[in-house]
>>> print(open('run_31.tsv').read())   # TSV, C-alpha atoms and all ligand atoms
chain	number	residue	atom	x	y	z
A	376	MET	CA	137.91	36.48	155.75
A	377	ARG	CA	141.40	36.84	157.08
A	378	VAL	CA	141.64	40.35	158.50
A	379	ALA	CA	144.89	41.75	159.85
A	380	VAL	CA	144.37	44.58	162.32
A	381	VAL	CA	147.38	46.87	162.06
A	382	PHE	CA	147.89	49.37	164.86
A	383	ASP	CA	150.56	51.44	166.55
A	384	THR	CA	151.65	50.18	169.92
A	385	PRO	CA	154.09	51.21	172.63
A	386	TYR	CA	154.94	47.51	173.12
A	387	GLU	CA	158.05	47.14	171.04
A	388	GLY	CA	158.61	43.76	169.50
A	389	TRP	CA	155.35	42.16	170.63
A	390	THR	CA	154.14	39.27	168.50
A	391	PRO	CA	150.52	38.81	167.44
A	392	ASP	CA	150.23	36.08	170.08
A	393	GLN	CA	151.38	38.41	172.83
A	394	HIS	CA	148.77	40.93	171.71
A	395	ALA	CA	146.13	38.21	171.70
A	396	VAL	CA	146.90	37.47	175.35
A	397	GLN	CA	146.80	41.16	176.24
A	398	MET	CA	143.57	41.61	174.31
A	399	LYS	CA	141.90	38.85	176.29
A	400	LYS	CA	143.03	40.41	179.56
A	401	ASP	CA	141.94	43.90	178.58
A	402	LEU	CA	138.56	42.76	177.32
A	403	ALA	CA	137.93	40.86	180.56
A	404	ASN	CA	138.79	44.03	182.47
A	405	TRP	CA	136.55	46.31	180.38
A	406	LYS	CA	134.47	47.53	183.30
A	407	LYS	CA	137.56	48.98	184.99
A	408	ALA	CA	139.46	50.29	181.96
A	409	GLU	CA	138.49	50.73	178.34
A	410	PRO	CA	140.47	48.33	176.12
A	411	ASP	CA	142.60	49.89	173.37
A	412	MET	CA	140.71	50.63	170.18
A	413	GLU	CA	142.53	47.94	168.18
A	414	TYR	CA	141.39	45.26	170.60
A	415	GLN	CA	137.80	46.45	170.40
A	416	VAL	CA	137.96	46.41	166.61
A	417	ALA	CA	139.58	42.96	166.63
A	418	GLN	CA	136.88	41.59	168.90
A	419	ALA	CA	134.16	42.97	166.65
A	420	LEU	CA	135.84	41.40	163.63
A	421	GLN	CA	136.00	38.05	165.39
A	422	LYS	CA	132.36	38.30	166.37
A	423	ASN	CA	131.63	38.97	162.72
A	424	GLY	CA	133.26	35.61	161.95
A	425	HIS	CA	136.65	36.75	160.68
A	426	ASP	CA	140.02	35.27	161.35
A	427	VAL	CA	142.05	38.07	162.96
A	428	LEU	CA	145.78	38.80	163.15
A	429	LEU	CA	146.84	41.44	165.71
A	430	LEU	CA	149.72	43.26	164.14
A	431	GLY	CA	151.18	45.94	166.41
A	432	ILE	CA	153.78	48.29	164.97
A	433	HIS	CA	156.15	50.36	167.00
A	434	ASP	CA	159.16	51.27	164.89
A	435	ASP	CA	159.54	48.45	162.42
A	436	LEU	CA	157.64	48.53	159.14
A	437	ARG	CA	159.72	45.65	157.81
A	438	ASP	CA	158.27	43.42	160.50
A	439	MET	CA	154.76	44.37	159.40
A	440	SER	CA	155.67	43.70	155.82
A	441	ALA	CA	157.11	40.27	156.59
A	442	ARG	CA	154.20	39.21	158.78
A	443	LEU	CA	151.62	40.27	156.23
A	444	ALA	CA	153.47	38.45	153.44
A	445	ASP	CA	153.45	35.39	155.62
A	446	TRP	CA	149.85	35.54	156.81
A	447	LYS	CA	148.26	36.73	153.53
A	448	PRO	CA	145.26	38.73	154.76
A	449	ASP	CA	142.22	39.33	152.57
A	450	LEU	CA	141.99	42.76	154.15
A	451	VAL	CA	144.02	44.94	156.47
A	452	PHE	CA	142.04	46.95	158.99
A	453	ASN	CA	144.16	50.05	159.45
A	454	ALA	CA	143.88	51.13	163.07
A	455	THR	CA	147.20	53.02	163.18
A	456	GLU	CA	147.19	56.56	164.44
A	457	ALA	CA	150.95	57.14	164.54
A	458	PHE	CA	154.33	55.70	163.68
A	459	LEU	CA	157.32	56.01	166.03
A	460	ASP	CA	154.86	57.68	168.45
A	461	ASN	CA	154.51	60.47	165.91
A	462	PRO	CA	150.95	61.04	164.64
A	463	SER	CA	152.18	62.99	161.63
A	464	LEU	CA	153.85	59.82	160.32
A	465	ASP	CA	150.52	57.96	160.27
A	466	TYR	CA	150.45	58.02	156.47
A	467	LEU	CA	153.46	55.66	156.25
A	468	VAL	CA	151.43	52.56	157.09
A	469	PRO	CA	148.84	52.90	154.32
A	470	ALA	CA	151.61	54.04	151.99
A	471	LEU	CA	153.40	50.75	152.53
A	472	LEU	CA	150.16	48.75	152.32
A	473	GLU	CA	149.49	50.42	149.01
A	474	ALA	CA	152.98	49.73	147.70
A	475	GLU	CA	152.63	46.08	148.62
A	476	GLY	CA	149.18	45.75	147.12
A	477	TYR	CA	147.05	45.06	150.19
A	478	ARG	CA	143.44	46.02	150.48
A	479	TYR	CA	143.02	48.16	153.57
A	480	THR	CA	140.32	50.12	155.33
A	481	GLY	CA	140.13	53.88	155.52
A	482	ALA	CA	141.91	56.86	154.14
A	483	PRO	CA	144.75	56.73	151.61
A	484	PRO	CA	148.09	58.43	152.43
A	485	LEU	CA	147.12	61.53	150.48
A	486	ALA	CA	144.02	62.12	152.63
A	487	LEU	CA	146.01	61.58	155.82
A	488	LEU	CA	148.67	64.06	154.73
A	489	VAL	CA	146.27	66.68	153.47
A	490	THR	CA	143.93	66.58	156.47
A	491	ARG	CA	146.84	66.57	158.94
A	492	ASN	CA	147.94	69.93	157.50
A	493	LYS	CA	145.02	72.10	158.57
A	494	ALA	CA	146.07	74.96	156.30
A	495	MET	CA	146.29	72.79	153.21
A	496	ALA	CA	142.95	71.15	153.91
A	497	LYS	CA	141.29	74.55	154.16
A	498	LYS	CA	142.95	75.81	150.97
A	499	ILE	CA	141.53	72.85	149.07
A	500	LEU	CA	138.09	73.32	150.55
A	501	ALA	CA	138.06	77.03	149.79
A	502	TYR	CA	138.62	76.11	146.14
A	503	HIS	CA	135.56	73.87	146.35
A	504	GLY	CA	133.46	76.63	147.87
A	505	VAL	CA	133.28	75.23	151.40
A	506	ASN	CA	133.06	77.88	154.14
A	507	VAL	CA	136.37	77.95	155.97
A	508	PRO	CA	137.51	80.49	158.57
A	509	ALA	CA	140.12	82.98	157.32
A	510	PHE	CA	143.53	81.79	158.46
A	511	LYS	CA	147.26	82.27	158.21
A	512	SER	CA	150.05	79.86	159.06
A	513	TYR	CA	153.36	80.88	160.64
A	514	ARG	CA	156.44	78.74	160.13
A	515	VAL	CA	158.71	78.11	163.09
A	516	GLY	CA	160.38	81.39	164.02
A	517	GLU	CA	157.93	83.51	162.00
A	518	GLN	CA	155.91	86.23	163.75
A	519	PRO	CA	152.93	88.33	162.67
A	520	GLY	CA	153.57	91.85	161.40
A	521	ASP	CA	152.00	94.92	162.99
A	522	THR	CA	148.74	94.43	161.20
A	523	VAL	CA	146.94	91.18	160.68
A	524	GLU	CA	144.35	90.79	157.95
A	525	MET	CA	142.01	88.67	160.00
A	526	ARG	CA	139.28	89.65	162.39
A	527	PHE	CA	140.03	89.12	166.09
A	528	PRO	CA	139.47	87.07	168.16
A	529	LEU	CA	141.68	84.45	166.55
A	530	ILE	CA	142.41	80.91	167.66
A	531	VAL	CA	145.99	79.68	167.40
A	532	LYS	CA	146.72	75.99	167.05
A	533	PRO	CA	149.53	73.69	165.99
A	534	LEU	CA	149.28	73.19	162.23
A	535	GLY	CA	149.39	69.42	162.32
A	536	SER	CA	148.32	68.05	165.69
A	537	ASP	CA	145.10	66.43	166.82
A	538	ALA	CA	143.28	65.43	170.01
A	539	SER	CA	143.26	69.15	170.92
A	540	GLU	CA	147.01	69.15	171.58
A	541	GLY	CA	147.93	72.75	172.32
A	542	ILE	CA	144.33	73.93	172.45
A	543	ALA	CA	143.37	75.75	175.62
A	544	GLN	CA	141.55	78.90	176.61
A	545	ALA	CA	144.85	80.74	176.00
A	546	SER	CA	144.67	79.72	172.32
A	547	ILE	CA	142.09	82.45	171.80
A	548	VAL	CA	143.79	85.81	171.35
A	549	HIS	CA	142.37	89.31	171.04
A	550	ASP	CA	145.30	91.38	169.76
A	551	VAL	CA	148.54	91.16	167.79
A	552	GLY	CA	150.69	90.98	170.93
A	553	ALA	CA	148.91	87.96	172.32
A	554	LEU	CA	148.84	86.41	168.84
A	555	GLY	CA	152.63	86.65	168.58
A	556	GLU	CA	153.07	85.13	172.01
A	557	ARG	CA	150.80	82.20	171.34
A	558	ILE	CA	152.44	81.55	167.97
A	559	LYS	CA	155.79	81.43	169.72
A	560	PHE	CA	154.36	79.09	172.34
A	561	VAL	CA	153.18	76.69	169.62
A	562	HIS	CA	156.57	76.82	167.88
A	563	ASP	CA	158.51	76.21	171.08
A	564	ARG	CA	156.27	73.59	172.54
A	565	PHE	CA	155.25	71.59	169.48
A	566	GLU	CA	158.15	72.27	167.11
A	567	GLN	CA	155.85	72.88	164.17
A	568	PRO	CA	154.16	75.77	162.35
A	569	ALA	CA	151.27	77.56	164.03
A	570	LEU	CA	147.93	78.21	162.42
A	571	ALA	CA	145.94	81.30	163.39
A	572	GLU	CA	142.36	81.43	162.24
A	573	GLU	CA	139.31	83.53	162.83
A	574	TYR	CA	137.42	82.28	165.84
A	575	ILE	CA	133.94	81.15	164.85
A	576	GLU	CA	131.40	81.64	167.57
A	577	GLY	CA	128.83	78.91	167.48
A	578	ARG	CA	127.83	75.36	168.24
A	579	GLU	CA	130.37	72.58	168.11
A	580	LEU	CA	129.30	69.70	165.85
A	581	TYR	CA	130.93	66.42	164.86
A	582	ALA	CA	129.70	64.51	161.82
A	583	THR	CA	130.80	60.96	161.20
A	584	ILE	CA	130.60	59.91	157.59
A	585	LEU	CA	130.42	56.38	156.24
A	586	GLY	CA	130.70	55.04	152.73
A	587	ASN	CA	132.02	56.01	149.35
A	588	GLY	CA	130.81	57.63	146.15
A	589	ASP	CA	127.04	57.91	145.75
A	590	LYS	CA	126.48	55.81	148.87
A	591	THR	CA	128.25	58.15	151.25
A	592	GLU	CA	126.11	58.97	154.27
A	593	VAL	CA	126.34	61.39	157.14
A	594	LEU	CA	125.48	59.74	160.47
A	595	PRO	CA	123.48	61.50	163.19
A	596	VAL	CA	125.51	64.49	164.28
A	597	VAL	CA	127.06	64.76	167.74
A	598	GLU	CA	127.27	68.08	169.57
A	599	MET	CA	129.59	69.08	172.37
A	600	VAL	CA	127.45	71.11	174.74
A	601	PHE	CA	128.66	73.39	177.53
A	602	ASP	CA	127.00	74.91	180.57
A	603	GLU	CA	126.42	78.42	179.36
A	604	ALA	CA	125.99	79.98	182.79
A	605	GLY	CA	129.11	81.85	183.86
A	606	SER	CA	131.02	81.21	180.64
A	607	ARG	CA	131.74	83.44	177.66
A	608	PRO	CA	131.16	82.02	174.18
A	609	GLU	CA	134.89	81.78	173.55
A	610	ASP	CA	135.25	79.64	176.67
A	611	ARG	CA	133.19	77.01	174.91
A	612	ILE	CA	135.76	75.28	172.76
A	613	ALA	CA	136.89	71.68	172.62
A	614	SER	CA	140.16	72.33	174.44
A	615	LYS	CA	142.33	69.48	175.63
A	616	SER	CA	140.66	69.60	179.06
A	617	ALA	CA	137.18	69.81	177.53
A	618	LYS	CA	137.88	66.61	175.60
A	619	TRP	CA	139.85	64.50	178.02
A	620	ASP	CA	139.62	65.75	181.63
A	621	MET	CA	136.52	64.12	183.13
A	622	ALA	CA	136.53	66.32	186.28
A	623	TYR	CA	136.83	69.48	184.14
A	624	ARG	CA	134.00	68.28	181.90
A	625	LYS	CA	131.81	67.76	184.92
A	626	ARG	CA	132.62	71.18	186.39
A	627	ARG	CA	131.85	72.95	183.12
A	628	GLY	CA	128.84	70.82	182.26
A	629	ILE	CA	130.48	69.57	179.07
A	630	ARG	CA	128.81	66.62	177.39
A	631	ASN	CA	128.73	65.04	173.94
A	632	VAL	CA	125.12	64.49	172.96
A	633	PHE	CA	123.20	64.10	169.73
A	634	ALA	CA	122.89	67.51	168.15
A	635	ARG	CA	120.08	69.61	169.50
A	636	ARG	CA	117.51	71.21	167.25
A	637	MET	CA	118.77	73.09	164.24
A	638	SER	CA	117.00	74.74	161.35
A	639	LYS	CA	116.30	72.96	158.09
A	640	LEU	CA	118.72	75.32	156.36
A	641	ALA	CA	121.50	74.56	158.86
A	642	LYS	CA	120.94	70.84	158.37
A	643	GLU	CA	121.15	71.17	154.62
A	644	ARG	CA	124.31	73.25	154.81
A	645	LEU	CA	125.84	70.79	157.23
A	646	ALA	CA	125.18	67.89	154.86
A	647	THR	CA	126.54	69.82	151.87
A	648	THR	CA	129.68	70.76	153.79
A	649	CYS	CA	130.24	67.17	154.88
A	650	TYR	CA	129.81	65.60	151.45
A	651	ALA	CA	131.89	68.25	149.72
A	652	SER	CA	134.72	68.03	152.28
A	653	TYR	CA	134.75	64.24	152.35
A	654	ARG	CA	135.09	64.10	148.60
A	655	ALA	CA	137.50	67.00	148.16
A	656	LEU	CA	139.89	65.69	150.82
A	657	TRP	CA	140.00	62.16	149.35
A	658	LEU	CA	138.47	60.61	152.45
A	659	ARG	CA	137.33	57.04	152.23
A	660	ASP	CA	135.17	54.43	154.04
A	661	TYR	CA	134.75	56.55	157.18
A	662	ALA	CA	135.87	59.87	158.59
A	663	ARG	CA	134.72	62.58	160.93
A	664	ILE	CA	134.28	66.22	160.03
A	665	ASP	CA	134.28	68.88	162.77
A	666	VAL	CA	132.28	72.00	162.03
A	667	ARG	CA	130.80	74.97	163.82
A	668	LEU	CA	127.28	76.25	163.37
A	669	ALA	CA	127.13	80.03	163.73
A	670	PRO	CA	124.05	81.89	165.02
A	671	ASP	CA	123.23	82.98	161.44
A	672	ASP	CA	122.93	79.30	160.43
A	673	GLN	CA	126.19	79.29	158.48
A	674	ILE	CA	128.25	76.13	158.76
A	675	TRP	CA	132.02	76.55	159.07
A	676	PHE	CA	134.46	73.75	158.40
A	677	ILE	CA	136.96	73.39	161.27
A	678	GLU	CA	138.78	70.15	160.64
A	679	ALA	CA	138.59	66.72	159.04
A	680	ASN	CA	139.71	63.58	160.84
A	681	ALA	CA	140.74	60.96	158.31
A	682	ASN	CA	141.10	58.18	160.87
A	683	PRO	CA	138.81	59.11	163.75
A	684	PHE	CA	138.64	57.21	167.00
A	685	LEU	CA	136.50	54.08	166.56
A	686	SER	CA	136.11	52.84	170.12
A	687	TYR	CA	132.81	51.70	171.55
A	688	GLY	CA	130.74	54.45	173.16
A	689	HIS	CA	132.66	57.31	171.53
A	690	ASP	CA	131.29	59.82	169.02
A	691	SER	CA	131.52	57.82	165.80
A	692	ALA	CA	130.36	54.49	167.23
A	693	GLU	CA	127.51	56.26	169.05
A	694	ALA	CA	126.45	57.97	165.84
A	695	ALA	CA	126.40	54.62	164.06
A	696	HIS	CA	124.44	53.12	166.94
A	697	LYS	CA	121.81	55.83	166.63
A	698	LEU	CA	121.37	54.74	163.05
A	699	GLY	CA	120.80	51.17	164.21
A	700	LEU	CA	124.31	49.80	163.75
A	701	ASP	CA	125.57	48.23	166.95
A	702	TYR	CA	129.34	48.16	167.43
A	703	ASN	CA	129.93	44.93	165.51
A	704	ALA	CA	127.74	46.14	162.67
A	705	PHE	CA	129.58	49.45	162.62
A	706	ILE	CA	132.97	47.74	162.24
A	707	HIS	CA	131.45	45.36	159.72
A	708	ARG	CA	130.21	48.31	157.71
A	709	ILE	CA	133.74	49.74	157.47
A	710	VAL	CA	135.03	46.37	156.28
A	711	ASP	CA	132.23	46.20	153.77
A	712	GLU	CA	132.99	49.64	152.40
A	713	ALA	CA	136.66	48.77	151.93
A	714	MET	CA	135.79	45.48	150.18
A	715	THR	CA	133.14	47.00	147.94
A	716	ARG	CA	135.39	49.69	146.53
A	717	ASN	CA	138.15	47.15	146.05
A	718	PRO	CA	136.59	43.80	145.14
B	801	LIG	N1	138.21	78.63	163.91
B	801	LIG	C1	137.72	78.15	165.05
B	801	LIG	N2	136.69	78.79	165.64
B	801	LIG	C2	136.17	78.35	166.81
B	801	LIG	N3	136.65	77.28	167.48
B	801	LIG	C3	137.67	76.60	166.93
B	801	LIG	C4	138.26	76.99	165.69
B	801	LIG	N4	139.25	76.13	165.43
B	801	LIG	C5	139.29	75.25	166.45
B	801	LIG	N5	138.35	75.54	167.35
B	801	LIG	C6	138.05	74.83	168.61
B	801	LIG	O1	139.16	74.03	168.97
B	801	LIG	C7	138.81	72.65	168.88
B	801	LIG	C8	139.96	71.83	168.36
B	801	LIG	O2	140.33	72.29	167.07
B	801	LIG	P1	140.64	71.27	165.91
B	801	LIG	O3	141.13	72.06	164.75
B	801	LIG	O4	139.48	70.38	165.67
B	801	LIG	O5	141.88	70.48	166.53
B	801	LIG	P2	142.07	68.92	166.87
B	801	LIG	O6	142.61	68.31	165.63
B	801	LIG	O7	143.09	68.93	167.95
B	801	LIG	O8	140.74	68.35	167.25
B	801	LIG	C9	137.60	72.61	167.98
B	801	LIG	O9	136.84	71.45	168.20
B	801	LIG	C10	136.88	73.89	168.39
B	801	LIG	O10	136.19	73.75	169.61
B	802	MG	MG	139.02	68.33	166.08
>>> encode(input="run_31.tsv", output="structure tokens")
Amino acid sequence: MRVAVVFDTPYEGWTPDQHAVQMKKDLANWKKAEPDMEYQVAQALQKNGHDVLLLGIHDDLRDMSARLADWKPDLVFNATEAFLDNPSLDYLVPALLEAEGYRYTGAPPLALLVTRNKAMAKKILAYHGVNVPAFKSYRVGEQPGDTVEMRFPLIVKPLGSDASEGIAQASIVHDVGALGERIKFVHDRFEQPALAEEYIEGRELYATILGNGDKTEVLPVVEMVFDEAGSRPEDRIASKSAKWDMAYRKRRGIRNVFARRMSKLAKERLATTCYASYRALWLRDYARIDVRLAPDDQIWFIEANANPFLSYGHDSAEAAHKLGLDYNAFIHRIVDEAMTRNP
């Protein structure tokens, strides 16, 4: 097939040929630096026998439109995570693909918009009976009143960010004063509403989901584990440092591993939560759901990622690998899902 890989890039104005040259360089240099996700996906597609166009977008959707019209892909692999460097504009790319009638992989604009707004996603899931922490959102400039109808500690996060932007130990607050301060911090720093929600003590689990309809499956679950010695439970969150700072991870004994033992009941609840959330949030082909498992075996929905990171060796690819899908097979499976629902 002819598969166009569409992705956001800082390289303004680069042609597909320029990306092809860069891709070759980056792949050759893999041992020293991980190639960008789009290049990894493109390589897997090529190894699966497809003809690949590398279509980087910075600020020009018309260029994408023209190149696709010219090249006529059978499928677009949507690897965009942002537009104009802004992750909350990620929905524009599939919106345009839809308007122009292309088949593409992954979530539709609605799912991207709904999951990006962590309050809206939880409202929808509450309607469907999924366990979500109690929460309240505060628009820019808004502050909590003297009493708050949630149980402290709370965690305060930007309403629409990802990659743990704005999430640090200081996000966890124990009283109204600290809540107000952290809300203001989120407003000032991220120029968006703040979401305060009840902090769920428990294990941190990430479930990658593949497929559609009756054939949806939850892959082996990944757990972020922390050295418990010398840390309080609320220190054990996937803050920005816990996710991205390798030295910090080492110091705190933070690792992503396949989920350790859990009860049969917890497993069942986890699966139910994943299927229900995936369906209710209009997710498609693949996604990742973040949950917490509390000591009483309740599963709590934290967040859905409509277009999770797909690079080799990271949570989703590792989960697929555990199931017997090597990286090429994993990418192939996503292509297959998109083609099957849209023959
Ligand atoms: N209600 C909560 N209770 C406990 N921990 C939470 C809660 N919400 C977020 N966290 C912690 O913060 C991390 C990042 O939050 P999340 O909503 O997934 O943001 P992001 O989109 O940046 O990944 C979670 O993985 C978890 O460790
Ligand atoms: Mg998350």
>>> closest_residue(input="run_31.tsv", among="A:Asn453, A:Ser512, A:Asn423, A:Ser616", to="Asp660 in chain A", atoms="only C-alpha atoms")
A:Asn453
>>> atom_distance(input="run_31.tsv", atom1="CA of Lys400 in chain A", atom2="CA of Ser686 in chain A")
17.1 Å
>>> residues_near_ligand(input="run_31.tsv", ligand="ligand LIG 801 (chain B)", cutoff="8 Å", atoms="all atoms listed in the file", output="PyMOL selection string")
chain A and resi 493+508+529-532+535-542+572-577+579+609+611-615+665-667+677-680
>>> closest_residue(input="run_31.tsv", among="A:Arg716, A:Lys559, A:Arg491, A:Lys511", to="ligand MG 802 (chain B)", atoms="all atoms listed in the file")
A:Arg491
>>> atom_distance(input="run_31.tsv", atom1="CA of Lys625 in chain A", atom2="CA of Ser606 in chain A")
14.1 Å
>>> residues_near_point(input="run_31.tsv", point="(140.5, 42.7, 151.6)", cutoff="6 Å", atoms="all atoms listed in the file", output="NGL selection string")
:A and (449-450 or 478 or 714)
>>> atom_distance(input="run_31.tsv", atom1="CA of Phe601 in chain A", atom2="CA of Pro670 in chain A")
15.8 Å
>>> closest_residue(input="run_31.tsv", among="A:Lys618, A:Arg630, A:Arg635, A:Lys399", to="ligand MG 802 (chain B)", atoms="only C-alpha atoms and all ligand atoms")
A:Lys618
>>> decode(input="run_31.tsv", residues="range 550-562 of chain A", atoms="N, CA and C atoms", output="short mmCIF file (atom, residue, chain, number, x, y, z; two decimals), in the first residue's frame")
data_model
loop_
_atom_site.label_atom_id
_atom_site.label_comp_id
_atom_site.auth_asym_id
_atom_site.auth_seq_id
_atom_site.Cartn_x
_atom_site.Cartn_y
_atom_site.Cartn_z
N ASP A 550 -4.60 21.63 51.64
CA ASP A 550 -5.59 22.56 52.19
C ASP A 550 -5.99 23.60 51.14
N VAL A 551 -7.02 24.37 51.47
CA VAL A 551 -7.58 25.31 50.49
C VAL A 551 -6.55 26.37 50.07
N GLY A 552 -5.72 26.80 51.01
CA GLY A 552 -4.72 27.81 50.68
C GLY A 552 -3.77 27.32 49.59
N ALA A 553 -3.23 26.14 49.82
CA ALA A 553 -2.28 25.58 48.85
C ALA A 553 -2.99 25.27 47.53
N LEU A 554 -4.26 24.88 47.61
CA LEU A 554 -5.04 24.61 46.39
C LEU A 554 -5.12 25.87 45.54
N GLY A 555 -5.50 26.99 46.20
CA GLY A 555 -5.62 28.26 45.48
C GLY A 555 -4.30 28.65 44.83
N GLU A 556 -3.21 28.45 45.56
CA GLU A 556 -1.90 28.83 45.01
C GLU A 556 -1.54 27.99 43.79
N ARG A 557 -1.79 26.71 43.90
CA ARG A 557 -1.41 25.84 42.78
C ARG A 557 -2.31 26.09 41.56
N ILE A 558 -3.57 26.40 41.81
CA ILE A 558 -4.47 26.74 40.70
C ILE A 558 -3.93 27.98 39.99
N LYS A 559 -3.54 28.95 40.78
CA LYS A 559 -3.01 30.19 40.19
C LYS A 559 -1.73 29.89 39.39
N PHE A 560 -0.90 29.04 39.95
CA PHE A 560 0.32 28.65 39.25
C PHE A 560 -0.01 28.05 37.87
N VAL A 561 -0.98 27.16 37.84
CA VAL A 561 -1.35 26.52 36.57
C VAL A 561 -1.88 27.57 35.59
N HIS A 562 -2.72 28.47 36.08
CA HIS A 562 -3.25 29.53 35.21
C HIS A 562 -2.13 30.39 34.63
#
